[in-house]
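Participant: For reference, this is structure24.cif, and it has mmCIF, C-alpha atoms and all ligand atoms.
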```cif
data_target
#
loop_
_atom_site.label_atom_id
_atom_site.label_comp_id
_atom_site.auth_asym_id
_atom_site.auth_seq_id
_atom_site.Cartn_x
_atom_site.Cartn_y
_atom_site.Cartn_z
CA MET A 217 -1.81 -43.33 26.97
CA PHE A 218 1.95 -43.58 26.27
CA LYS A 219 1.24 -44.22 22.59
CA SER A 220 -0.99 -41.16 22.25
CA ALA A 221 1.68 -38.96 23.90
CA ILE A 222 4.19 -40.10 21.23
CA VAL A 223 1.67 -39.28 18.50
CA ILE A 224 1.17 -35.77 19.93
CA ILE A 225 4.96 -35.16 20.16
CA PHE A 226 5.41 -36.52 16.63
CA ALA A 227 2.64 -34.27 15.31
CA PHE A 228 4.20 -31.29 17.11
CA VAL A 229 7.63 -31.98 15.53
CA ILE A 230 6.04 -32.18 12.07
CA LEU A 231 4.21 -28.89 12.68
CA LEU A 232 7.41 -27.18 13.87
CA THR A 233 9.33 -28.45 10.83
CA ALA A 234 6.59 -27.19 8.54
CA LEU A 235 6.67 -23.77 10.23
CA ILE A 236 10.46 -23.49 9.87
CA ALA A 237 10.13 -24.44 6.20
CA ILE A 238 7.45 -21.78 5.60
CA THR A 239 9.23 -18.97 7.49
CA PRO A 240 11.81 -18.02 4.80
CA VAL A 241 8.99 -17.83 2.22
CA LEU A 242 7.08 -15.43 4.46
CA ALA A 243 10.22 -13.41 5.16
CA VAL A 244 10.82 -12.49 1.51
CA PRO A 245 7.89 -10.07 1.00
CA ASN A 246 8.45 -8.60 4.48
CA GLU A 247 12.06 -7.70 3.64
CA ASN A 248 10.97 -6.08 0.40
CA ALA A 249 8.34 -4.02 2.20
CA SER A 250 10.83 -2.69 4.74
CA ASP A 251 13.37 -1.88 2.01
CA LYS A 252 10.71 0.12 0.18
CA ALA A 253 9.78 2.01 3.34
CA LYS A 254 13.45 2.94 3.85
CA SER A 255 13.63 4.60 0.42
CA LYS A 256 11.79 7.69 1.78
CA ALA A 257 12.04 9.45 5.14
CA GLY A 258 9.15 8.51 7.43
CA PHE A 259 7.35 11.85 7.14
CA ILE A 260 7.30 11.73 3.31
CA PRO A 261 4.10 9.92 2.29
CA GLU A 262 4.26 6.96 -0.10
CA HIS A 263 2.31 8.85 -2.81
CA ALA A 264 4.71 11.84 -2.81
CA VAL A 265 6.68 12.32 -6.03
CA LYS A 266 10.18 13.75 -5.80
CA ILE A 267 10.75 16.90 -7.88
CA THR A 268 14.11 17.90 -6.39
CA GLU A 269 16.14 16.90 -3.32
CA SER A 270 14.14 19.40 -1.24
CA LEU A 271 10.73 19.43 -2.99
CA TYR A 272 8.06 16.75 -3.42
CA SER A 273 4.68 16.88 -5.16
CA LEU A 274 1.80 15.58 -3.03
CA GLY A 275 -0.49 15.43 -6.06
CA LYS A 276 -4.08 16.62 -6.30
CA ALA A 277 -6.81 16.37 -3.68
CA LYS A 278 -10.04 18.10 -2.72
CA ASP A 279 -9.96 20.77 -0.05
CA HIS A 280 -12.65 21.05 2.66
CA THR A 281 -14.89 23.00 0.27
CA GLY A 282 -14.59 20.38 -2.51
CA LYS A 283 -12.22 22.44 -4.67
CA VAL A 284 -9.44 20.48 -6.44
CA VAL A 285 -6.07 21.66 -5.17
CA GLU A 286 -2.47 20.50 -5.38
CA GLY A 287 0.07 20.04 -2.61
CA PHE A 288 3.84 20.50 -2.28
CA LEU A 289 6.19 19.38 0.47
CA PHE A 290 9.38 21.39 1.14
CA ILE A 291 12.18 19.69 3.06
CA ASP A 292 14.70 21.83 4.90
CA ASN A 293 17.94 20.21 5.91
CA LYS A 294 20.90 21.08 8.10
CA LYS A 295 24.28 21.59 6.46
CA SER A 296 27.48 22.83 8.15
CA PRO A 297 28.32 25.39 6.91
CA ALA A 298 24.98 26.23 5.26
CA LYS A 299 26.37 27.20 1.85
CA PRO A 300 27.34 25.37 -1.33
CA ASP A 301 30.46 23.21 -1.16
CA GLY A 302 33.70 25.08 -1.96
CA THR A 303 32.10 28.52 -1.67
CA PRO A 304 34.39 31.21 -0.26
CA GLY A 305 33.28 33.05 2.86
CA ASN A 306 31.77 36.33 1.74
CA GLY A 307 28.42 35.24 0.36
CA ASN A 308 26.70 36.23 -2.83
CA LYS A 309 27.10 39.62 -4.41
CA LYS A 310 24.88 42.17 -2.67
CA THR A 311 22.25 43.81 -4.82
CA LYS A 312 23.03 47.42 -5.73
CA THR A 313 20.45 50.08 -4.80
CA GLY A 314 17.63 50.16 -7.33
CA GLU A 315 18.58 46.79 -8.77
CA THR A 316 16.07 43.96 -8.34
CA SER A 317 17.51 40.67 -7.17
CA THR A 318 16.66 37.52 -9.10
CA CYS A 319 17.49 35.36 -6.05
CA TYR A 320 14.00 33.93 -5.65
CA THR A 321 11.78 31.23 -7.15
CA LEU A 322 7.97 31.20 -7.02
CA LEU A 323 6.03 27.94 -6.76
CA ALA A 324 3.92 29.34 -9.61
CA LYS A 325 3.22 32.83 -10.98
CA ASP A 326 0.32 34.47 -9.08
CA ALA A 327 -0.13 31.47 -6.75
CA ARG A 328 -0.62 33.54 -3.57
CA TRP A 329 -2.88 34.14 -0.60
CA LYS A 330 -5.91 36.24 -1.51
CA ALA A 331 -7.42 36.38 1.99
CA THR A 332 -5.70 36.80 5.36
CA GLU A 333 -6.08 33.64 7.40
CA PRO A 334 -5.30 32.69 11.02
CA TYR A 335 -3.13 29.80 12.09
CA MET A 336 -2.96 27.47 15.10
CA ILE A 337 0.08 26.35 17.06
CA GLY A 338 0.93 23.10 18.82
CA ALA A 339 2.51 22.35 22.19
CA GLY A 340 5.89 23.98 22.78
CA ILE A 341 5.68 26.42 19.84
CA ASP A 342 6.62 29.97 20.90
CA VAL A 343 3.76 32.35 20.07
CA ALA A 344 5.81 35.57 20.03
CA LEU A 345 8.64 34.14 17.89
CA THR A 346 6.10 32.60 15.49
CA GLN A 347 4.36 35.95 15.05
CA ALA A 348 7.73 37.73 14.62
CA SER A 349 8.68 35.24 11.88
CA LEU A 350 5.34 35.77 10.09
CA ASN A 351 5.69 39.55 10.44
CA ALA A 352 9.11 39.49 8.74
CA TRP A 353 7.07 38.85 5.57
CA ASN A 354 3.86 40.73 6.47
CA ASP A 355 5.77 43.95 7.22
CA GLN A 356 7.25 44.17 3.70
CA VAL A 357 3.91 44.40 1.84
CA SER A 358 0.64 46.28 2.36
CA PHE A 359 -1.43 43.05 2.25
CA ASP A 360 -1.56 41.05 5.51
CA ILE A 361 -0.57 37.61 4.24
CA PHE A 362 -0.66 35.92 7.64
CA GLY A 363 -3.32 36.65 10.27
CA LEU A 364 -3.18 35.96 13.99
CA GLN A 365 -3.06 32.84 16.11
CA GLN A 366 -6.47 31.22 16.61
CA ALA A 367 -7.72 28.84 19.31
CA GLY A 368 -7.34 25.10 18.79
CA SER A 369 -4.55 22.58 18.45
CA PRO A 370 -3.01 21.18 15.27
CA ASP A 371 -4.01 17.60 14.50
CA GLY A 372 -1.02 16.81 12.28
CA ALA A 373 0.39 17.96 8.95
CA ASP A 374 -1.95 17.27 6.02
CA SER A 375 -0.02 15.43 3.31
CA GLY A 376 -3.06 13.61 1.84
CA SER A 377 -5.54 16.47 1.52
CA PRO A 378 -5.88 19.87 3.22
CA ASP A 379 -8.20 20.21 6.24
CA GLY A 380 -8.66 23.98 6.08
CA LYS A 381 -6.36 24.74 9.02
CA ASN A 382 -2.93 26.39 8.87
CA GLU A 383 -0.90 24.57 11.48
CA VAL A 384 2.50 25.06 13.18
CA MET A 385 3.78 22.17 15.28
CA PHE A 386 6.64 20.10 16.60
CA ASP A 387 6.96 16.45 15.62
CA ASN A 388 9.82 14.06 16.34
CA LEU A 389 11.19 13.17 12.90
CA GLY A 390 14.07 11.32 14.54
CA GLU A 391 17.80 11.79 14.12
CA THR A 392 17.88 13.18 10.60
CA ASN A 393 19.29 16.21 8.77
CA THR A 394 15.73 17.43 8.32
CA ILE A 395 15.19 20.42 10.61
CA ALA A 396 11.68 21.23 9.42
CA TYR A 397 9.24 20.77 6.56
CA THR A 398 6.30 22.75 5.20
CA ILE A 399 3.33 21.59 3.17
CA THR A 400 1.62 24.16 0.94
CA TRP A 401 -1.73 23.51 -0.80
CA GLY A 402 -3.21 25.63 -3.56
CA ILE A 403 -4.02 26.00 -7.24
CA PHE A 404 -0.77 26.37 -9.19
CA SER A 405 -1.84 25.79 -12.78
CA GLY A 406 -4.53 27.07 -15.14
CA PRO A 407 -5.30 30.77 -15.63
CA PRO A 408 -3.05 32.87 -13.32
CA SER A 409 -6.09 34.85 -12.08
CA GLN A 410 -7.59 31.60 -10.70
CA ARG A 411 -4.44 30.57 -8.86
CA VAL A 412 -4.52 30.76 -5.08
CA LEU A 413 -3.04 29.28 -1.90
CA VAL A 414 -5.45 27.51 0.46
CA GLU A 415 -3.40 26.00 3.28
CA TRP A 416 0.02 25.63 4.88
CA ASP A 417 1.33 23.38 7.65
CA ALA A 418 4.82 23.78 9.13
CA VAL A 419 6.47 21.02 11.16
CA PHE A 420 9.66 21.43 13.23
CA ASN A 421 11.72 18.35 14.12
CA SER A 422 11.67 18.15 17.93
CA ASP A 423 14.75 15.90 17.81
CA TYR A 424 16.64 19.23 17.50
CA THR A 425 16.95 21.63 20.45
CA PHE A 426 15.14 24.76 19.29
CA GLY A 427 15.55 28.08 21.05
CA ASP A 428 16.81 31.63 20.69
CA ALA A 429 20.39 31.33 19.40
CA ASN A 430 21.22 34.84 20.66
CA THR A 431 20.47 33.98 24.30
CA ALA A 432 20.49 30.18 24.63
CA THR A 433 23.63 28.15 25.25
CA SER A 434 25.12 26.86 21.98
CA PRO A 435 24.38 24.58 20.16
CA VAL A 436 20.78 25.50 19.48
CA MET A 437 18.60 25.54 16.37
CA ASP A 438 17.22 29.08 16.21
CA TYR A 439 13.43 28.80 15.98
CA GLN A 440 12.86 32.22 14.42
CA ASN A 441 15.59 31.57 11.83
CA ILE A 442 13.94 28.33 10.68
CA ALA A 443 10.34 29.58 11.04
CA THR A 444 10.92 32.65 8.85
CA HIS A 445 12.17 30.31 6.11
CA GLU A 446 9.22 27.89 6.50
CA PHE A 447 6.71 30.76 6.26
CA GLY A 448 8.29 31.81 2.96
CA HIS A 449 7.12 28.42 1.63
CA ALA A 450 3.70 29.04 3.22
CA LEU A 451 3.27 32.21 1.14
CA GLY A 452 4.31 30.73 -2.21
CA LEU A 453 8.13 30.81 -2.42
CA THR A 454 10.27 27.77 -3.14
CA HIS A 455 14.06 27.46 -2.87
CA PRO A 456 16.11 29.76 -5.12
CA SER A 457 19.23 28.57 -6.94
CA ASP A 458 22.07 27.42 -4.66
CA ALA A 459 24.03 30.52 -5.75
CA CYS A 460 21.57 32.50 -3.58
CA PHE A 461 22.86 31.12 -0.30
CA GLU A 462 22.56 34.41 1.65
CA GLU A 463 18.80 34.45 1.16
CA THR A 464 16.32 33.39 3.83
CA MET A 465 14.84 31.00 1.24
CA TYR A 466 18.19 29.20 0.64
CA ARG A 467 17.53 25.50 1.16
CA TYR A 468 20.02 24.77 3.96
CA ALA A 469 20.34 26.07 7.52
CA ASP A 470 22.72 25.40 10.39
CA ILE A 471 22.95 25.25 14.17
CA ASP A 472 23.22 28.71 15.86
CA GLU A 473 22.37 30.46 12.56
CA THR A 474 20.20 33.62 12.81
CA ASN A 475 20.71 35.37 9.43
CA LYS A 476 17.44 33.92 8.04
CA ARG A 477 15.39 35.88 10.61
CA THR A 478 15.64 38.91 8.32
CA LEU A 479 14.93 38.98 4.60
CA GLU A 480 17.47 39.56 1.83
CA ALA A 481 16.93 41.34 -1.48
CA GLY A 482 15.95 38.12 -3.28
CA ASP A 483 13.38 37.14 -0.65
CA ILE A 484 11.80 40.60 -0.83
CA ALA A 485 11.82 40.59 -4.65
CA GLY A 486 9.98 37.23 -4.66
CA LEU A 487 7.51 38.46 -2.06
CA ASN A 488 6.80 41.60 -4.11
CA LYS A 489 6.35 39.56 -7.29
CA LEU A 490 3.43 37.78 -5.56
CA TYR A 491 1.94 40.42 -3.27
CA SER A 492 2.60 43.89 -4.72
ZN ZN B 1 12.85 25.35 2.50
#
```
Could you show the structure in this file as C-alpha cells?
Facilitator:
Amino acid sequence: MFKSAIVIIFAFVILLTALIAITPVLAVPNENASDKAKSKAGFIPEHAVKITESLYSLGKAKDHTGKVVEGFLFIDNKKSPAKPDGTPGNGNKKTKTGETSTCYTLLAKDARWKATEPYMIGAGIDVALTQASLNAWNDQVSFDIFGLQQAGSPDGADSGSPDGKNEVMFDNLGETNTIAYTITWGIFSGPPSQRVLVEWDAVFNSDYTFGDANTATSPVMDYQNIATHEFGHALGLTHPSDACFEETMYRYADIDETNKRTLEAGDIAGLNKLYS
C-alpha cells in the first residue's frame, strides 16, 4: 500500500516535469499567432490587403446572385484637429463659381448604383439622422441613390462576401482611433458600362459617444457628420487627397465636428461624375 503510493507520487512528479518541459515548446507558436493578430485591428479580416492607411481590398467573392464582385473596406479615424499636420487654419481654397473642384476620388470610373435600394438599421441607430445623411447625397442628383429604411436587423458587416443587404449598425471596436468603417461591394474593373455597386455596410464604433453635436453636451461624436461621410463611400467615393481637408470625404474627423454634414464642391463634383 505504502509502496504503491510512492510509485503514484513518483509518476505524478515525472508527469509534471514533462509538462513543464513541454510548455515552452507549445508557447512559441501561440506567441507568434497573437503577434500576427495584433498586426491588424480586430475588425479588419485576415484576408484584407492594405492599399493605403485608410483603404483595404477585401478581394473577390460571389454575391447572393452568384455574380463575381470585389470588396473594399474604408477606415475612418479620429484626428484632432482633423486636418493635415502643420496646416494653417483657413482650409483649402474655395472653388470659384463655375469652376469644378478636383477634390474627389472615385473608387473606379462608372462604378455606381444603377438601382435604388433600401437599407436596414441596427439597434441604437437614429432613423431620422440616417435618412438626413443619405439625403445630403440624394438631394444633389436626380437619381435616388439611396432608398428608404426596410424592416429587419443587420446581421453584421460582410467582409467575406456580400449578403445582399445594405446595413447600418453600431459595433464596439474598442478604444481605437477608428470612428467608423464602411464596406462597399461591386464591380470596379472591366468595361465601364458593366461596372456597378451591389452592397454597402456601415459600422459605427459604439466605444464613442455618438449624438447631435449641436444639442448634446460636448464631447460627442456627431452621428450625422460621420454618417454623411460613410455614405459617400457607399455610393462609390473614396478619400480625396489630404489637401482636400474641407471636404466631407476627407479621411479624418474629430469630436464635436459637424462640417461634414453638408457637402463641399469636391464631394458634389465626385457625386456628379458618377450620377449625372
Ligand atoms: Zn472615409
Participant: What's the separation between atom CA of Ile442 of chain A and atom CA of Ser377 of chain A, in Å to one decimal place?
Facilitator: 24.6 Å
Participant: Return as number ranges by chain every polymer residue, whether protein, DNA or RNA, with at least one atom no more than 12 Å from an atom of ligand ZN 1 (chain B); count all atoms listed in the file.
Facilitator: A: 268-272, 288-294, 320-321, 323, 394-400, 418-420, 441-458, 461, 463-469, 476
Participant: Name the residues, using the chain letters and numbers of the file, that sit within 10 Å of (20.2, 28.3, 14.9) when counting all atoms listed in the file, and give them as a PyMOL selection string.
Facilitator: chain A and resi 294+425-430+432+434-442+469-477
Participant: Would you mind exporting C-alpha atoms of the selected residues as an mmCIF file, in the frame of the given file?
Facilitator:
```
data_model
loop_
_atom_site.group_PDB
_atom_site.id
_atom_site.type_symbol
_atom_site.label_atom_id
_atom_site.label_comp_id
_atom_site.auth_asym_id
_atom_site.auth_seq_id
_atom_site.Cartn_x
_atom_site.Cartn_y
_atom_site.Cartn_z
ATOM 1 C CA LYS A 294 20.900 21.080 8.100
ATOM 2 C CA THR A 425 16.950 21.630 20.450
ATOM 3 C CA PHE A 426 15.140 24.760 19.290
ATOM 4 C CA GLY A 427 15.550 28.080 21.050
ATOM 5 C CA ASP A 428 16.810 31.630 20.690
ATOM 6 C CA ALA A 429 20.390 31.330 19.400
ATOM 7 C CA ASN A 430 21.220 34.840 20.660
ATOM 8 C CA ALA A 432 20.490 30.180 24.630
ATOM 9 C CA SER A 434 25.120 26.860 21.980
ATOM 10 C CA PRO A 435 24.380 24.580 20.160
ATOM 11 C CA VAL A 436 20.780 25.500 19.480
ATOM 12 C CA MET A 437 18.600 25.540 16.370
ATOM 13 C CA ASP A 438 17.220 29.080 16.210
ATOM 14 C CA TYR A 439 13.430 28.800 15.980
ATOM 15 C CA GLN A 440 12.860 32.220 14.420
ATOM 16 C CA ASN A 441 15.590 31.570 11.830
ATOM 17 C CA ILE A 442 13.940 28.330 10.680
ATOM 18 C CA ALA A 469 20.340 26.070 7.520
ATOM 19 C CA ASP A 470 22.720 25.400 10.390
ATOM 20 C CA ILE A 471 22.950 25.250 14.170
ATOM 21 C CA ASP A 472 23.220 28.710 15.860
ATOM 22 C CA GLU A 473 22.370 30.460 12.560
ATOM 23 C CA THR A 474 20.200 33.620 12.810
ATOM 24 C CA ASN A 475 20.710 35.370 9.430
ATOM 25 C CA LYS A 476 17.440 33.920 8.040
ATOM 26 C CA ARG A 477 15.390 35.880 10.610
#
```
Participant: If I take atom CA of Pro408 of chain A and atom CA of Asp360 of chain A, how far is one from the other in Å, to one decimal?
Facilitator: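 That distance, rounded to one decimal, is 20.6 Å.
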Participant: Grab the atom CA of Glu383 of chain A to atom CA of Pro370 of chain A distance for me, in Å with one decimal place.
Facilitator: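 Interatomic distance here is 5.5 Å.
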Participant: Write out as a CSV table (one decimal) with C-alpha atoms, in the coordinates of the input the residues lying within 6 Å of Tyr335 of chain A, counting all atoms listed in the file and excluding same-chain residues fewer than 3 positions away.
Facilitator:
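File written: part20.csv
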```csv
chain,number,residue,atom,x,y,z
A,365,GLN,CA,-3.1,32.8,16.1
A,366,GLN,CA,-6.5,31.2,16.6
A,382,ASN,CA,-2.9,26.4,8.9
A,383,GLU,CA,-0.9,24.6,11.5
```
Participant: Using all atoms listed in the file, which residue out of A:Lys489, A:Lys381, A:His263, A:Lys330 lies closest to Ile403 of chain A?
Facilitator: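 Once distances to Ile403 of chain A are computed over all atoms listed in the file, the minimum belongs to A:Lys330.
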Participant: Point out the residue among A:Val285, A:Ala481, A:Cys460, A:Ala264 with the least atom-to-atom distance to Val412 of chain A, counting all atoms listed in the file.
Facilitator: A:Val285
Participant: Counting all atoms listed in the file, which residue out of A:Phe404, A:Trp416, A:Phe362, A:Tyr424 sits closest to Glu391 of chain A?
Facilitator: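 Closest to Glu391 of chain A, using all atoms listed in the file: A:Tyr424.
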Participant: Have a look at A:Ala459, A:Thr433, A:Ala348, A:Asp326 and name the one nearest to Leu364 of chain A; count only C-alpha atoms.
Facilitator: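 Result for the nearest residue to Leu364 of chain A: A:Ala348.
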Participant: Find the spatial neighbours of Gly338 of chain A, counting all atoms listed in the file, within a cut-off of 7 Å - ignore same-chain residues fewer than 6 positions away - and output them as a PyMOL selection string.
Facilitator: chain A and resi 369-370+384-386
Participant: Could you check which of A:Lys278, A:Lys256, A:Arg411, A:Lys266 is closest to Lys325 of chain A, using only C-alpha atoms?
Facilitator: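 Answer, going by the shortest atom-to-atom distance: A:Arg411.
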Participant: Calculated over only C-alpha atoms, which of the candidates A:Ala324, A:Ile361, A:Ala352, A:Ala277 has the smallest distance to Tyr491 of chain A?
Facilitator: A:Ile361
Participant: Could segment 399-417 of chain A be completed with N, CA, C and O atoms and returned as an mmCIF file, in the frame of the given file?
Facilitator:
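Okay, this is what ended up in out.cif:
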```
data_model
loop_
_atom_site.group_PDB
_atom_site.id
_atom_site.type_symbol
_atom_site.label_atom_id
_atom_site.label_comp_id
_atom_site.auth_asym_id
_atom_site.auth_seq_id
_atom_site.Cartn_x
_atom_site.Cartn_y
_atom_site.Cartn_z
ATOM 1 N N ILE A 399 4.228 22.042 4.230
ATOM 2 C CA ILE A 399 3.330 21.590 3.170
ATOM 3 C C ILE A 399 2.476 22.786 2.752
ATOM 4 O O ILE A 399 1.923 23.486 3.604
ATOM 5 N N THR A 400 2.416 23.049 1.455
ATOM 6 C CA THR A 400 1.620 24.160 0.940
ATOM 7 C C THR A 400 0.623 23.627 -0.089
ATOM 8 O O THR A 400 1.013 22.941 -1.034
ATOM 9 N N TRP A 401 -0.664 23.928 0.121
ATOM 10 C CA TRP A 401 -1.730 23.510 -0.800
ATOM 11 C C TRP A 401 -2.280 24.716 -1.533
ATOM 12 O O TRP A 401 -2.385 25.813 -0.957
ATOM 13 N N GLY A 402 -2.632 24.525 -2.799
ATOM 14 C CA GLY A 402 -3.210 25.630 -3.560
ATOM 15 C C GLY A 402 -3.515 25.223 -4.985
ATOM 16 O O GLY A 402 -3.451 24.041 -5.343
ATOM 17 N N ILE A 403 -3.821 26.218 -5.802
ATOM 18 C CA ILE A 403 -4.020 26.000 -7.240
ATOM 19 C C ILE A 403 -2.855 26.680 -7.940
ATOM 20 O O ILE A 403 -2.677 27.900 -7.812
ATOM 21 N N PHE A 404 -2.033 25.873 -8.632
ATOM 22 C CA PHE A 404 -0.770 26.370 -9.190
ATOM 23 C C PHE A 404 -0.738 26.344 -10.716
ATOM 24 O O PHE A 404 0.261 26.712 -11.312
ATOM 25 N N SER A 405 -1.819 25.842 -11.321
ATOM 26 C CA SER A 405 -1.840 25.790 -12.780
ATOM 27 C C SER A 405 -3.157 26.389 -13.272
ATOM 28 O O SER A 405 -3.990 26.790 -12.459
ATOM 29 N N GLY A 406 -3.338 26.431 -14.576
ATOM 30 C CA GLY A 406 -4.530 27.070 -15.140
ATOM 31 C C GLY A 406 -4.343 28.570 -15.198
ATOM 32 O O GLY A 406 -3.228 29.078 -14.997
ATOM 33 N N PRO A 407 -5.427 29.317 -15.483
ATOM 34 C CA PRO A 407 -5.300 30.770 -15.630
ATOM 35 C C PRO A 407 -4.713 31.411 -14.373
ATOM 36 O O PRO A 407 -5.187 31.122 -13.267
ATOM 37 N N PRO A 408 -3.674 32.254 -14.499
ATOM 38 C CA PRO A 408 -3.050 32.870 -13.320
ATOM 39 C C PRO A 408 -4.049 33.554 -12.382
ATOM 40 O O PRO A 408 -3.883 33.521 -11.170
ATOM 41 N N SER A 409 -5.126 34.135 -12.931
ATOM 42 C CA SER A 409 -6.090 34.850 -12.080
ATOM 43 C C SER A 409 -6.855 33.891 -11.159
ATOM 44 O O SER A 409 -7.407 34.297 -10.139
ATOM 45 N N GLN A 410 -6.887 32.609 -11.516
ATOM 46 C CA GLN A 410 -7.590 31.600 -10.700
ATOM 47 C C GLN A 410 -6.678 30.943 -9.666
ATOM 48 O O GLN A 410 -7.127 30.171 -8.833
ATOM 49 N N ARG A 411 -5.381 31.224 -9.762
ATOM 50 C CA ARG A 411 -4.440 30.570 -8.860
ATOM 51 C C ARG A 411 -4.539 31.168 -7.454
ATOM 52 O O ARG A 411 -4.766 32.364 -7.293
ATOM 53 N N VAL A 412 -4.347 30.322 -6.458
ATOM 54 C CA VAL A 412 -4.520 30.760 -5.080
ATOM 55 C C VAL A 412 -3.881 29.744 -4.136
ATOM 56 O O VAL A 412 -3.712 28.574 -4.490
ATOM 57 N N LEU A 413 -3.485 30.210 -2.938
ATOM 58 C CA LEU A 413 -3.040 29.280 -1.900
ATOM 59 C C LEU A 413 -4.199 29.047 -0.939
ATOM 60 O O LEU A 413 -4.975 29.966 -0.665
ATOM 61 N N VAL A 414 -4.324 27.813 -0.435
ATOM 62 C CA VAL A 414 -5.450 27.510 0.460
ATOM 63 C C VAL A 414 -5.031 26.985 1.830
ATOM 64 O O VAL A 414 -5.836 27.003 2.762
ATOM 65 N N GLU A 415 -3.810 26.509 1.962
ATOM 66 C CA GLU A 415 -3.400 26.000 3.280
ATOM 67 C C GLU A 415 -1.896 25.808 3.380
ATOM 68 O O GLU A 415 -1.235 25.504 2.390
ATOM 69 N N TRP A 416 -1.383 25.967 4.608
ATOM 70 C CA TRP A 416 0.020 25.630 4.880
ATOM 71 C C TRP A 416 0.122 24.987 6.250
ATOM 72 O O TRP A 416 -0.638 25.326 7.165
ATOM 73 N N ASP A 417 1.033 24.037 6.369
ATOM 74 C CA ASP A 417 1.330 23.380 7.650
ATOM 75 C C ASP A 417 2.845 23.320 7.783
ATOM 76 O O ASP A 417 3.527 22.843 6.867
#
```
